[in-house]
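Heads up: the structure comes next, in structure tokens.
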2 protein chains.
Amino acid sequence: MKGILSPVVTPFNVDYSIDHERWTTHCQWLIDQDCGLAMFGTNSEGNSISVPEKQEALDKLVAAGLPPERMMPGTGHCSISDTVTLSRHAVELGCGGVLMLPPFFYKGVSDEGIFRAIATIIDKIGDDRLRVYLYHIPPIAQVGFSLDLIDRLLTAYPNIVAGIKDSSNDWDNTKAMLERFPEWGGIFCGSEMTLAEAVRMGGAGCISASCNINTAAIVNLYRNANSDNADTLQESVNQVRTTAFKYPMIPALKALVARATQNDEWMRVRPPLVELTDEEKSGLYADMDEIDFDMGYSTTQ
Amino acid sequence: MKGILSPVVTPFNVDYSIDHERWTTHCQWLIDQDCGLAMFGTNSEGNSISVPEKQEALDKLVAAGLPPERMMPGTGHCSISDTVTLSRHAVELGCGGVLMLPPFFYKGVSDEGIFRAIATIIDKIGDDRLRVYLYHIPPIAQVGFSLDLIDRLLTAYPNIVAGIKDSSNDWDNTKAMLERFPEWGGIFCGSEMTLAEAVRMGGAGCISASCNINTAAIVNLYRNANSDNADTLQESVNQVRTTAFKYPMIPALKALVARATQNDEWMRVRPPLVELTDEEKSGLYADMDEIDFDMGYSTTQ
């Protein structure tokens, strides 16, 4: 898998069940702009949703005609048995890959322990079609993948371990990955802030929160990372991101989708997150108007 | 619920499934010593086990004749829907209570967000028999319960929020709880290191890793917390704990149960944890011999 993927924000009904209709519409809008679907990521509130709920949602999305080969659902749970169950389901649906958090409840675990977790999961799934993208997000999961651990996993499962999403917020770490594994081709930035440079170094693209709202511009930057105006495009997407994420990231994303779709149901987040206050929402909308931001949602529906 | 409960270590087969027979035997041994069963806690590797696995294990344990009123299974997951499913199952089995972690994937969440999570879970379960013991373990979960949040939950659900386990490793915090909620009666220490003093201040008891191995002595300390020799009993249990936990806590517990039951299958942990090395195991056993420690397992089987 290559290019731009969105950790799709998840719409909830008033009882916190998934609103499959709104979800399908948002996914289709992303696909229409050549943006893949990394549903059940951090910005999807993926870990706030149970395995059966995620299985049902994937089933319905594929049944609705969305292309599974463009899907990279987050499947990593604290329990390796949950990760096996959900990853196997994704493989059987034909998903292009899965984005796999390491087990993240225990802190300070060893590389050996994380290796055993991922290896056990891969062995238990036992399907050559499986493509694992490691999900490195130490600011939230606390537990992550060191370069040596990546090397060990790649050596043990060269055809299965297909890539990584680096959400360390540390460009030096992403660069170190790109330099150490130049032939890998599966290294995704966790943010578009360094997308152009990463692509020029052989990066696969990015999987970023803002792809939910600034989709066309980020896809355009990816396609033109080697062009003369890459820096201008990069600055432009950076401005959108930094303006929006002065507010809490997930509630802000949902508030912007709510505005674009004229449906405040989109504001809702599952506990323990809380939606933006009215004041924050007004501030966000004013700040985005200030930079002439338009999601362009209505044009494709 | 009162007294001493053990976060029961979970025995795994070679394929990492739960060994129900060994589990039942260990649970019965604990009950025989008047120790309650806080299964699926941190030291049970509870978050490394899926909801269906935990439901099945509880079902089998109750079917084997173990008393559900002495059970306080850990039921808190990242997803409120998982927590609802497992907690409801526990209530329907007649469990005396549930030990509930807050959703712990997102860090830096607000008291408002955690309040909404717990309130939503309680409302969705909708059963007057539910007794929630809040599980405060910030060193691992990172997310926890402030005194103000506890107050708010107690006010909103006075008959449901029955207590808390304080695994902050901060005696000042436990004391502050005991002082602020003197009538509550449900405050458990997360370690026996401060048990006597906590009981004298009105604490409910303790739920501690070492209750898996030093059961009789900790129960005896609880019963004699107001006696003249409480300090001596306290020093003695502290020595066992500090000696054993010079080694990684969960693997060390399992190694000691393995030794007592003469069954090295007990050494096994689920990834991302790793069992003790042979060298660590020998060191642990020698150190425990040095202080004349004996689990006394065989005497009750």
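Ordering of the structure tokens sets the chain letters (A, B, ...), residue numbers begin anew at 1 in every chain, and ligands are numbered from 1 in the order given.
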Transformed chain B, reference chain A, in-order C-alpha pairing, as a compact mmCIF listing (two decimals) with C-alpha atoms, in the first residue's frame:
```txt
# COMPACT_ATOMS: atom_id res chain seq x y z
CA MET B 1 -0.02 0.00 0.00
CA LYS B 2 1.19 3.50 -0.89
CA GLY B 3 0.11 7.09 -0.80
CA ILE B 4 -2.29 8.84 1.53
CA LEU B 5 -4.54 7.10 4.03
CA SER B 6 -6.92 8.61 6.53
CA PRO B 7 -7.43 7.31 10.05
CA VAL B 8 -11.14 7.65 9.41
CA VAL B 9 -13.07 9.44 12.15
CA THR B 10 -15.90 7.26 13.45
CA PRO B 11 -19.43 8.71 13.67
CA PHE B 12 -21.47 7.67 16.71
CA ASN B 13 -25.18 7.65 17.37
CA VAL B 14 -26.59 9.05 20.61
CA ASP B 15 -26.20 5.60 22.25
CA TYR B 16 -22.56 5.53 21.07
CA SER B 17 -23.19 2.81 18.49
CA ILE B 18 -21.49 3.37 15.12
CA ASP B 19 -23.56 5.26 12.57
CA HIS B 20 -22.79 3.03 9.59
CA GLU B 21 -24.47 5.30 7.07
CA ARG B 22 -22.47 8.39 7.96
CA TRP B 23 -19.32 6.26 8.15
CA THR B 24 -19.85 4.83 4.67
CA THR B 25 -20.45 8.28 3.24
CA HIS B 26 -17.27 9.68 4.76
CA CYS B 27 -15.25 6.65 3.62
CA GLN B 28 -16.62 6.98 0.08
CA TRP B 29 -15.72 10.69 0.06
CA LEU B 30 -12.15 9.80 1.03
CA ILE B 31 -11.86 7.05 -1.58
CA ASP B 32 -13.20 9.40 -4.26
CA GLN B 33 -10.18 11.59 -3.59
CA ASP B 34 -7.72 8.69 -3.80
CA CYS B 35 -7.33 8.51 -0.03
CA GLY B 36 -7.08 5.03 1.54
CA LEU B 37 -8.91 4.03 4.70
CA ALA B 38 -6.89 3.45 7.87
CA MET B 39 -10.02 3.02 9.97
CA PHE B 40 -9.80 2.22 13.70
CA GLY B 41 -6.64 4.22 14.19
CA THR B 42 -6.02 6.56 17.10
CA ASN B 43 -8.01 9.35 15.47
CA SER B 44 -10.83 6.92 14.71
CA GLU B 45 -11.18 6.22 18.44
CA GLY B 46 -10.38 2.68 17.29
CA ASN B 47 -9.42 1.44 20.73
CA SER B 48 -12.69 2.78 22.13
CA ILE B 49 -14.57 0.29 19.93
CA SER B 50 -14.87 -3.44 20.63
CA VAL B 51 -13.73 -6.21 18.28
CA PRO B 52 -17.30 -7.32 17.39
CA GLU B 53 -18.27 -3.72 16.62
CA LYS B 54 -15.26 -3.32 14.35
CA GLN B 55 -15.94 -6.61 12.57
CA GLU B 56 -19.52 -5.60 11.88
CA ALA B 57 -18.49 -2.16 10.64
CA LEU B 58 -15.94 -3.61 8.22
CA ASP B 59 -18.46 -6.14 6.94
CA LYS B 60 -21.01 -3.41 6.25
CA LEU B 61 -18.49 -1.16 4.55
CA VAL B 62 -17.34 -3.89 2.18
CA ALA B 63 -20.94 -4.89 1.54
CA ALA B 64 -21.64 -1.26 0.62
CA GLY B 65 -19.09 -1.56 -2.16
CA LEU B 66 -16.07 0.16 -0.66
CA PRO B 67 -12.80 -1.42 -1.87
CA PRO B 68 -11.19 -3.63 0.80
CA GLU B 69 -7.80 -3.42 -0.93
CA ARG B 70 -7.71 0.28 0.07
CA MET B 71 -8.41 -0.56 3.75
CA MET B 72 -5.77 -0.80 6.48
CA PRO B 73 -7.83 -1.20 9.67
CA GLY B 74 -6.17 -0.79 13.05
CA THR B 75 -6.25 -4.20 14.72
CA GLY B 76 -3.78 -4.00 17.62
CA HIS B 77 -5.25 -4.65 21.06
CA CYS B 78 -3.77 -5.30 24.49
CA SER B 79 -4.67 -8.95 24.09
CA ILE B 80 -2.97 -10.91 21.34
CA SER B 81 -6.15 -13.00 21.00
CA ASP B 82 -8.17 -9.88 20.12
CA THR B 83 -5.53 -8.80 17.63
CA VAL B 84 -5.59 -12.24 16.00
CA THR B 85 -9.39 -12.28 15.76
CA LEU B 86 -9.70 -8.84 14.18
CA SER B 87 -6.67 -9.14 11.89
CA ARG B 88 -7.85 -12.51 10.57
CA HIS B 89 -11.27 -10.99 9.88
CA ALA B 90 -9.62 -8.16 7.93
CA VAL B 91 -7.52 -10.59 5.88
CA GLU B 92 -10.58 -12.67 5.04
CA LEU B 93 -12.38 -9.53 3.87
CA GLY B 94 -9.49 -8.80 1.52
CA CYS B 95 -8.12 -5.75 3.34
CA GLY B 96 -4.87 -4.49 1.84
CA GLY B 97 -3.18 -4.52 5.24
CA VAL B 98 -3.66 -4.08 8.96
CA LEU B 99 -2.16 -1.38 11.18
CA MET B 100 -0.95 -3.13 14.31
CA LEU B 101 -0.31 -1.49 17.65
CA PRO B 102 1.86 -3.54 20.00
CA PRO B 103 0.10 -4.67 23.20
CA PHE B 104 0.09 -1.42 25.15
CA PHE B 105 -1.18 -2.02 28.68
CA TYR B 106 2.14 -2.97 30.29
CA LYS B 107 4.78 -0.26 30.12
CA GLY B 108 8.53 -0.68 29.89
CA VAL B 109 8.28 -4.06 28.17
CA SER B 110 11.27 -5.46 26.29
CA ASP B 111 11.87 -5.70 22.55
CA GLU B 112 11.90 -9.47 23.08
CA GLY B 113 8.38 -9.30 24.53
CA ILE B 114 7.03 -7.17 21.70
CA PHE B 115 8.74 -9.42 19.15
CA ARG B 116 7.04 -12.44 20.69
CA ALA B 117 3.67 -10.67 20.64
CA ILE B 118 3.84 -9.76 16.95
CA ALA B 119 5.37 -13.12 15.97
CA THR B 120 2.72 -15.04 17.91
CA ILE B 121 -0.04 -13.00 16.28
CA ILE B 122 1.36 -13.55 12.77
CA ASP B 123 1.85 -17.28 13.40
CA LYS B 124 -1.64 -17.71 14.81
CA ILE B 125 -3.26 -15.90 11.88
CA GLY B 126 -1.25 -18.18 9.59
CA ASP B 127 -2.32 -16.58 6.32
CA ASP B 128 0.10 -15.59 3.54
CA ARG B 129 -2.21 -12.78 2.52
CA LEU B 130 -1.62 -10.94 5.80
CA ARG B 131 0.24 -7.62 5.46
CA VAL B 132 1.20 -6.07 8.78
CA TYR B 133 1.97 -2.37 9.11
CA LEU B 134 3.52 -1.75 12.52
CA TYR B 135 1.99 1.16 14.40
CA HIS B 136 4.60 3.18 16.28
CA ILE B 137 2.93 5.84 18.43
CA PRO B 138 4.87 6.10 21.69
CA PRO B 139 3.32 9.43 22.75
CA ILE B 140 0.02 7.59 23.30
CA ALA B 141 0.67 3.84 23.37
CA GLN B 142 3.92 4.37 25.34
CA VAL B 143 5.07 1.05 23.91
CA GLY B 144 6.66 1.12 20.45
CA PHE B 145 9.01 -0.41 17.88
CA SER B 146 12.76 0.26 18.08
CA LEU B 147 14.85 0.11 14.89
CA ASP B 148 16.45 -3.14 16.04
CA LEU B 149 13.05 -4.67 16.71
CA ILE B 150 11.81 -3.64 13.26
CA ASP B 151 14.92 -5.24 11.77
CA ARG B 152 14.27 -8.46 13.63
CA LEU B 153 10.62 -8.58 12.56
CA LEU B 154 11.52 -7.85 8.93
CA THR B 155 14.09 -10.63 8.97
CA ALA B 156 11.67 -13.11 10.50
CA TYR B 157 8.65 -12.17 8.35
CA PRO B 158 9.94 -10.45 5.19
CA ASN B 159 6.75 -11.04 3.21
CA ILE B 160 4.31 -10.23 6.01
CA VAL B 161 5.76 -7.17 7.77
CA ALA B 162 4.99 -4.73 4.98
CA GLY B 163 5.56 -1.36 6.62
CA ILE B 164 5.24 0.97 9.57
CA LYS B 165 3.42 4.13 10.52
CA ASP B 166 5.73 6.41 12.48
CA SER B 167 3.67 8.60 14.78
CA SER B 168 6.57 9.37 17.07
CA ASN B 169 6.30 13.06 16.13
CA ASP B 170 10.06 12.81 15.72
CA TRP B 171 11.32 13.41 12.19
CA ASP B 172 14.77 12.15 13.20
CA ASN B 173 13.21 8.78 13.96
CA THR B 174 11.39 8.64 10.61
CA LYS B 175 14.60 9.60 8.83
CA ALA B 176 16.51 6.91 10.71
CA MET B 177 13.93 4.34 9.55
CA LEU B 178 14.16 5.52 5.95
CA GLU B 179 17.96 5.36 6.07
CA ARG B 180 18.18 1.96 7.74
CA PHE B 181 15.52 0.25 5.61
CA PRO B 182 15.91 1.91 2.19
CA GLU B 183 14.46 -1.05 0.27
CA TRP B 184 11.44 -1.57 2.48
CA GLY B 185 9.12 0.89 0.79
CA GLY B 186 6.46 0.72 3.49
CA ILE B 187 7.38 3.60 5.79
CA PHE B 188 4.48 5.99 6.33
CA CYS B 189 4.73 9.29 8.18
CA GLY B 190 2.18 9.74 10.94
CA SER B 191 1.73 13.36 9.90
CA GLU B 192 1.79 15.24 6.61
CA MET B 193 4.13 17.86 8.13
CA THR B 194 7.16 16.01 6.73
CA LEU B 195 5.46 14.29 3.80
CA ALA B 196 7.35 15.83 0.87
CA GLU B 197 10.77 15.19 2.36
CA ALA B 198 9.83 11.65 3.38
CA VAL B 199 8.55 10.81 -0.10
CA ARG B 200 11.77 12.16 -1.62
CA MET B 201 13.68 9.81 0.70
CA GLY B 202 11.61 6.81 -0.43
CA GLY B 203 8.75 6.98 2.07
CA ALA B 204 5.45 5.32 1.20
CA GLY B 205 3.23 8.28 2.04
CA CYS B 206 1.38 9.32 5.16
CA ILE B 207 -1.45 8.21 7.40
CA SER B 208 -2.53 11.34 9.16
CA ALA B 209 -5.45 12.76 11.13
CA SER B 210 -5.77 15.75 8.84
CA CYS B 211 -6.42 13.49 5.84
CA ASN B 212 -9.99 13.43 7.17
CA ILE B 213 -10.41 17.13 6.41
CA ASN B 214 -7.65 18.34 4.08
CA THR B 215 -7.69 15.32 1.83
CA ALA B 216 -7.30 16.77 -1.65
CA ALA B 217 -4.41 19.04 -0.68
CA ILE B 218 -2.47 16.26 1.04
CA VAL B 219 -3.00 13.87 -1.87
CA ASN B 220 -1.81 16.66 -4.18
CA LEU B 221 1.31 17.22 -2.08
CA TYR B 222 2.08 13.49 -2.18
CA ARG B 223 1.80 13.46 -5.97
CA ASN B 224 3.97 16.55 -6.33
CA ALA B 225 6.57 15.90 -3.67
CA ASN B 226 9.33 16.12 -6.28
CA SER B 227 7.97 19.17 -8.08
CA ASP B 228 9.26 22.74 -7.89
CA ASN B 229 6.34 23.94 -5.83
CA ALA B 230 6.50 21.11 -3.25
CA ASP B 231 7.62 23.53 -0.53
CA THR B 232 4.65 25.80 -1.17
CA LEU B 233 2.23 22.88 -1.09
CA GLN B 234 3.88 21.61 2.09
CA GLU B 235 3.55 24.99 3.81
CA SER B 236 -0.09 25.19 2.85
CA VAL B 237 -1.06 21.80 4.34
CA ASN B 238 1.03 22.56 7.42
CA GLN B 239 -0.93 25.75 7.99
CA VAL B 240 -4.24 23.87 7.93
CA ARG B 241 -2.95 21.28 10.36
CA THR B 242 -1.44 23.68 12.87
CA THR B 243 -4.52 25.90 12.79
CA ALA B 244 -6.99 23.05 13.36
CA PHE B 245 -4.96 21.28 16.01
CA LYS B 246 -4.62 24.23 18.30
CA TYR B 247 -7.82 22.51 19.52
CA PRO B 248 -8.03 18.90 20.82
CA MET B 249 -7.33 16.83 17.73
CA ILE B 250 -10.13 14.26 17.53
CA PRO B 251 -12.97 16.56 18.64
CA ALA B 252 -11.65 19.23 16.28
CA LEU B 253 -11.64 16.83 13.32
CA LYS B 254 -15.18 15.82 14.09
CA ALA B 255 -16.29 19.42 14.49
CA LEU B 256 -14.92 20.22 11.03
CA VAL B 257 -16.68 17.23 9.48
CA ALA B 258 -19.85 18.29 11.33
CA ARG B 259 -19.60 21.74 9.80
CA ALA B 260 -18.91 20.48 6.29
CA THR B 261 -21.80 18.00 6.40
CA GLN B 262 -24.07 20.35 8.34
CA ASN B 263 -24.67 17.57 10.83
CA ASP B 264 -23.75 18.17 14.48
CA GLU B 265 -24.17 14.47 15.22
CA TRP B 266 -20.59 14.30 13.99
CA MET B 267 -19.46 16.23 17.10
CA ARG B 268 -20.01 13.19 19.30
CA VAL B 269 -17.00 11.27 20.70
CA ARG B 270 -16.94 8.18 22.87
CA PRO B 271 -15.86 8.64 26.47
CA PRO B 272 -13.24 9.18 27.80
CA LEU B 273 -12.94 11.87 25.11
CA VAL B 274 -15.20 14.92 25.24
CA GLU B 275 -16.45 16.99 22.34
CA LEU B 276 -15.42 20.62 21.84
CA THR B 277 -17.24 23.19 23.93
CA ASP B 278 -19.38 25.70 22.04
CA GLU B 279 -16.67 28.28 22.61
CA GLU B 280 -13.94 26.03 21.24
CA LYS B 281 -16.11 25.16 18.26
CA SER B 282 -16.71 28.82 17.42
CA GLY B 283 -13.01 29.54 17.83
CA LEU B 284 -12.04 26.67 15.56
CA TYR B 285 -14.49 27.68 12.85
CA ALA B 286 -13.32 31.30 12.97
CA ASP B 287 -9.67 30.26 12.83
CA MET B 288 -10.30 28.01 9.81
CA ASP B 289 -12.24 30.81 8.07
CA GLU B 290 -9.28 33.07 8.70
CA ILE B 291 -7.11 30.82 6.51
CA ASP B 292 -9.92 30.29 3.95
CA PHE B 293 -10.20 26.59 4.67
CA ASP B 294 -12.95 24.66 2.89
CA MET B 295 -13.27 20.88 3.13
CA GLY B 296 -15.16 20.91 -0.17
CA TYR B 297 -17.38 18.14 1.13
CA SER B 298 -20.59 19.05 -0.68
CA THR B 299 -18.96 19.06 -4.10
CA THR B 300 -18.50 15.31 -4.09
CA GLN B 301 -21.88 14.22 -2.71
```
Give me every helix (DSSP H, G or I) residue in stretch 46-258 of chain B, going by DSSP on the backbone, as a PDB file with C-alpha atoms, in the first residue's frame.
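Saved to selection_13.pdb:
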```pdb
ATOM      1  CA  GLY B  46      -6.084  -9.491  32.635  1.00  0.00           C
ATOM      2  CA  ASN B  47      -5.709  -7.013  29.804  1.00  0.00           C
ATOM      3  CA  SER B  48      -3.776  -9.596  27.796  1.00  0.00           C
ATOM      4  CA  VAL B  51     -13.506 -10.600  26.719  1.00  0.00           C
ATOM      5  CA  PRO B  52     -14.775 -13.978  25.400  1.00  0.00           C
ATOM      6  CA  GLU B  53     -11.855 -15.771  27.064  1.00  0.00           C
ATOM      7  CA  LYS B  54     -12.602 -14.066  30.369  1.00  0.00           C
ATOM      8  CA  GLN B  55     -16.317 -14.848  30.143  1.00  0.00           C
ATOM      9  CA  GLU B  56     -15.593 -18.510  29.532  1.00  0.00           C
ATOM     10  CA  ALA B  57     -13.091 -18.673  32.379  1.00  0.00           C
ATOM     11  CA  LEU B  58     -15.550 -17.135  34.847  1.00  0.00           C
ATOM     12  CA  ASP B  59     -18.294 -19.492  33.714  1.00  0.00           C
ATOM     13  CA  LYS B  60     -16.068 -22.516  34.257  1.00  0.00           C
ATOM     14  CA  LEU B  61     -14.887 -21.333  37.650  1.00  0.00           C
ATOM     15  CA  VAL B  62     -18.419 -20.810  38.931  1.00  0.00           C
ATOM     16  CA  ALA B  63     -19.479 -24.143  37.443  1.00  0.00           C
ATOM     17  CA  PRO B  68     -19.003 -15.905  42.852  1.00  0.00           C
ATOM     18  CA  GLU B  69     -19.692 -13.612  45.817  1.00  0.00           C
ATOM     19  CA  ARG B  70     -15.940 -13.743  46.577  1.00  0.00           C
ATOM     20  CA  ILE B  80     -16.732   1.091  27.099  1.00  0.00           C
ATOM     21  CA  SER B  81     -18.642  -1.547  25.114  1.00  0.00           C
ATOM     22  CA  ASP B  82     -16.167  -4.245  26.200  1.00  0.00           C
ATOM     23  CA  THR B  83     -16.389  -3.074  29.804  1.00  0.00           C
ATOM     24  CA  VAL B  84     -20.190  -3.216  29.664  1.00  0.00           C
ATOM     25  CA  THR B  85     -20.206  -6.719  28.157  1.00  0.00           C
ATOM     26  CA  LEU B  86     -17.807  -8.224  30.692  1.00  0.00           C
ATOM     27  CA  SER B  87     -19.197  -6.390  33.737  1.00  0.00           C
ATOM     28  CA  ARG B  88     -22.757  -7.423  32.884  1.00  0.00           C
ATOM     29  CA  HIS B  89     -21.584 -11.021  32.550  1.00  0.00           C
ATOM     30  CA  ALA B  90     -19.967 -10.816  35.997  1.00  0.00           C
ATOM     31  CA  VAL B  91     -23.123  -9.371  37.557  1.00  0.00           C
ATOM     32  CA  GLU B  92     -25.252 -12.109  36.025  1.00  0.00           C
ATOM     33  CA  LEU B  93     -22.900 -14.732  37.457  1.00  0.00           C
ATOM     34  CA  ASP B 111     -12.024  14.022  34.822  1.00  0.00           C
ATOM     35  CA  GLU B 112     -15.166  14.899  32.868  1.00  0.00           C
ATOM     36  CA  GLY B 113     -14.257  12.313  30.223  1.00  0.00           C
ATOM     37  CA  ILE B 114     -13.558   9.580  32.763  1.00  0.00           C
ATOM     38  CA  PHE B 115     -16.755  10.443  34.629  1.00  0.00           C
ATOM     39  CA  ARG B 116     -18.724  10.061  31.407  1.00  0.00           C
ATOM     40  CA  ALA B 117     -17.048   6.727  30.688  1.00  0.00           C
ATOM     41  CA  ILE B 118     -17.868   5.214  34.086  1.00  0.00           C
ATOM     42  CA  ALA B 119     -21.363   6.744  34.155  1.00  0.00           C
ATOM     43  CA  THR B 120     -22.141   5.484  30.651  1.00  0.00           C
ATOM     44  CA  ILE B 121     -20.935   2.000  31.578  1.00  0.00           C
ATOM     45  CA  ILE B 122     -23.030   1.911  34.766  1.00  0.00           C
ATOM     46  CA  ASP B 123     -26.114   3.236  32.955  1.00  0.00           C
ATOM     47  CA  LYS B 124     -25.751   0.755  30.109  1.00  0.00           C
ATOM     48  CA  ILE B 125     -25.376  -2.201  32.478  1.00  0.00           C
ATOM     49  CA  PRO B 138      -1.593   5.408  37.257  1.00  0.00           C
ATOM     50  CA  PRO B 139       1.918   3.889  37.096  1.00  0.00           C
ATOM     51  CA  ILE B 140       0.621   1.471  34.446  1.00  0.00           C
ATOM     52  CA  ALA B 141      -2.731   2.710  33.135  1.00  0.00           C
ATOM     53  CA  LEU B 147     -10.297  12.580  44.631  1.00  0.00           C
ATOM     54  CA  ASP B 148     -12.758  15.032  43.090  1.00  0.00           C
ATOM     55  CA  LEU B 149     -13.723  12.515  40.430  1.00  0.00           C
ATOM     56  CA  ILE B 150     -14.281   9.815  43.057  1.00  0.00           C
ATOM     57  CA  ASP B 151     -16.477  12.262  44.965  1.00  0.00           C
ATOM     58  CA  ARG B 152     -18.521  12.985  41.863  1.00  0.00           C
ATOM     59  CA  LEU B 153     -18.984   9.292  41.059  1.00  0.00           C
ATOM     60  CA  LEU B 154     -19.962   8.496  44.653  1.00  0.00           C
ATOM     61  CA  THR B 155     -22.518  11.277  44.617  1.00  0.00           C
ATOM     62  CA  ALA B 156     -23.987  10.150  41.310  1.00  0.00           C
ATOM     63  CA  TRP B 171       0.543   6.070  50.686  1.00  0.00           C
ATOM     64  CA  ASP B 172      -0.252   9.792  50.883  1.00  0.00           C
ATOM     65  CA  ASN B 173      -2.884   9.274  48.211  1.00  0.00           C
ATOM     66  CA  THR B 174      -4.436   6.291  50.023  1.00  0.00           C
ATOM     67  CA  LYS B 175      -4.468   8.283  53.253  1.00  0.00           C
ATOM     68  CA  ALA B 176      -6.111  11.210  51.493  1.00  0.00           C
ATOM     69  CA  MET B 177      -8.838   8.859  50.223  1.00  0.00           C
ATOM     70  CA  LEU B 178      -9.383   7.395  53.688  1.00  0.00           C
ATOM     71  CA  GLU B 179      -9.602  10.881  55.195  1.00  0.00           C
ATOM     72  CA  ARG B 180     -11.914  12.330  52.570  1.00  0.00           C
ATOM     73  CA  GLU B 192       0.039  -5.065  51.688  1.00  0.00           C
ATOM     74  CA  MET B 193       2.981  -2.789  52.577  1.00  0.00           C
ATOM     75  CA  THR B 194       0.604  -0.325  54.272  1.00  0.00           C
ATOM     76  CA  LEU B 195      -2.178  -2.761  55.158  1.00  0.00           C
ATOM     77  CA  ALA B 196      -2.156  -2.529  58.964  1.00  0.00           C
ATOM     78  CA  GLU B 197      -2.188   1.255  59.016  1.00  0.00           C
ATOM     79  CA  ALA B 198      -4.881   1.422  56.339  1.00  0.00           C
ATOM     80  CA  VAL B 199      -7.128  -1.005  58.206  1.00  0.00           C
ATOM     81  CA  ARG B 200      -6.697   1.036  61.388  1.00  0.00           C
ATOM     82  CA  ALA B 209       0.061  -9.290  43.859  1.00  0.00           C
ATOM     83  CA  SER B 210       1.738 -11.020  46.777  1.00  0.00           C
ATOM     84  CA  CYS B 211      -1.593 -12.450  47.955  1.00  0.00           C
ATOM     85  CA  ASN B 212      -0.940 -15.098  45.296  1.00  0.00           C
ATOM     86  CA  THR B 215      -1.683 -15.539  51.344  1.00  0.00           C
ATOM     87  CA  ALA B 216      -1.937 -16.853  54.895  1.00  0.00           C
ATOM     88  CA  ALA B 217       0.429 -14.251  56.324  1.00  0.00           C
ATOM     89  CA  ILE B 218      -1.361 -11.339  54.664  1.00  0.00           C
ATOM     90  CA  VAL B 219      -4.775 -12.597  55.775  1.00  0.00           C
ATOM     91  CA  ASN B 220      -3.337 -12.952  59.290  1.00  0.00           C
ATOM     92  CA  LEU B 221      -2.012  -9.388  59.213  1.00  0.00           C
ATOM     93  CA  TYR B 222      -5.426  -8.108  58.108  1.00  0.00           C
ATOM     94  CA  ARG B 223      -7.121  -9.904  61.002  1.00  0.00           C
ATOM     95  CA  ALA B 230       0.786  -5.864  64.042  1.00  0.00           C
ATOM     96  CA  ASP B 231       4.122  -4.156  63.352  1.00  0.00           C
ATOM     97  CA  THR B 232       5.973  -7.461  63.486  1.00  0.00           C
ATOM     98  CA  LEU B 233       3.475  -9.109  61.156  1.00  0.00           C
ATOM     99  CA  GLN B 234       3.677  -6.109  58.828  1.00  0.00           C
ATOM    100  CA  GLU B 235       7.483  -6.273  58.696  1.00  0.00           C
ATOM    101  CA  SER B 236       7.357  -9.961  57.936  1.00  0.00           C
ATOM    102  CA  VAL B 237       5.017  -9.650  54.931  1.00  0.00           C
ATOM    103  CA  ASN B 238       6.986  -6.641  53.705  1.00  0.00           C
ATOM    104  CA  GLN B 239      10.165  -8.705  53.694  1.00  0.00           C
ATOM    105  CA  VAL B 240       8.567 -11.384  51.506  1.00  0.00           C
ATOM    106  CA  ARG B 241       7.270  -8.796  49.072  1.00  0.00           C
ATOM    107  CA  THR B 242      10.481  -6.815  48.723  1.00  0.00           C
ATOM    108  CA  THR B 243      12.542  -9.985  48.344  1.00  0.00           C
ATOM    109  CA  ALA B 244      10.320 -11.486  45.627  1.00  0.00           C
ATOM    110  CA  MET B 249       6.693  -8.962  39.435  1.00  0.00           C
ATOM    111  CA  ILE B 250       4.386 -11.121  37.307  1.00  0.00           C
ATOM    112  CA  PRO B 251       7.037 -13.594  36.106  1.00  0.00           C
ATOM    113  CA  ALA B 252       8.345 -13.825  39.673  1.00  0.00           C
ATOM    114  CA  LEU B 253       4.888 -14.625  41.054  1.00  0.00           C
ATOM    115  CA  LYS B 254       4.443 -17.320  38.459  1.00  0.00           C
ATOM    116  CA  ALA B 255       7.880 -18.758  39.131  1.00  0.00           C
ATOM    117  CA  LEU B 256       7.022 -19.079  42.821  1.00  0.00           C
ATOM    118  CA  VAL B 257       3.712 -20.786  42.062  1.00  0.00           C
ATOM    119  CA  ALA B 258       5.588 -23.047  39.617  1.00  0.00           C
TER     120      ALA B 258
END
```
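Secondary structure by DSSP on the backbone puts the following residues of stretch 37-173 of chain A in strand (DSSP E): Leu37, Val98, Leu99, Met100, Val132, Tyr133, Leu134, Tyr135, His136, Val161, Ala162, Gly163, Ile164, Lys165 and Asp166 of chain A.
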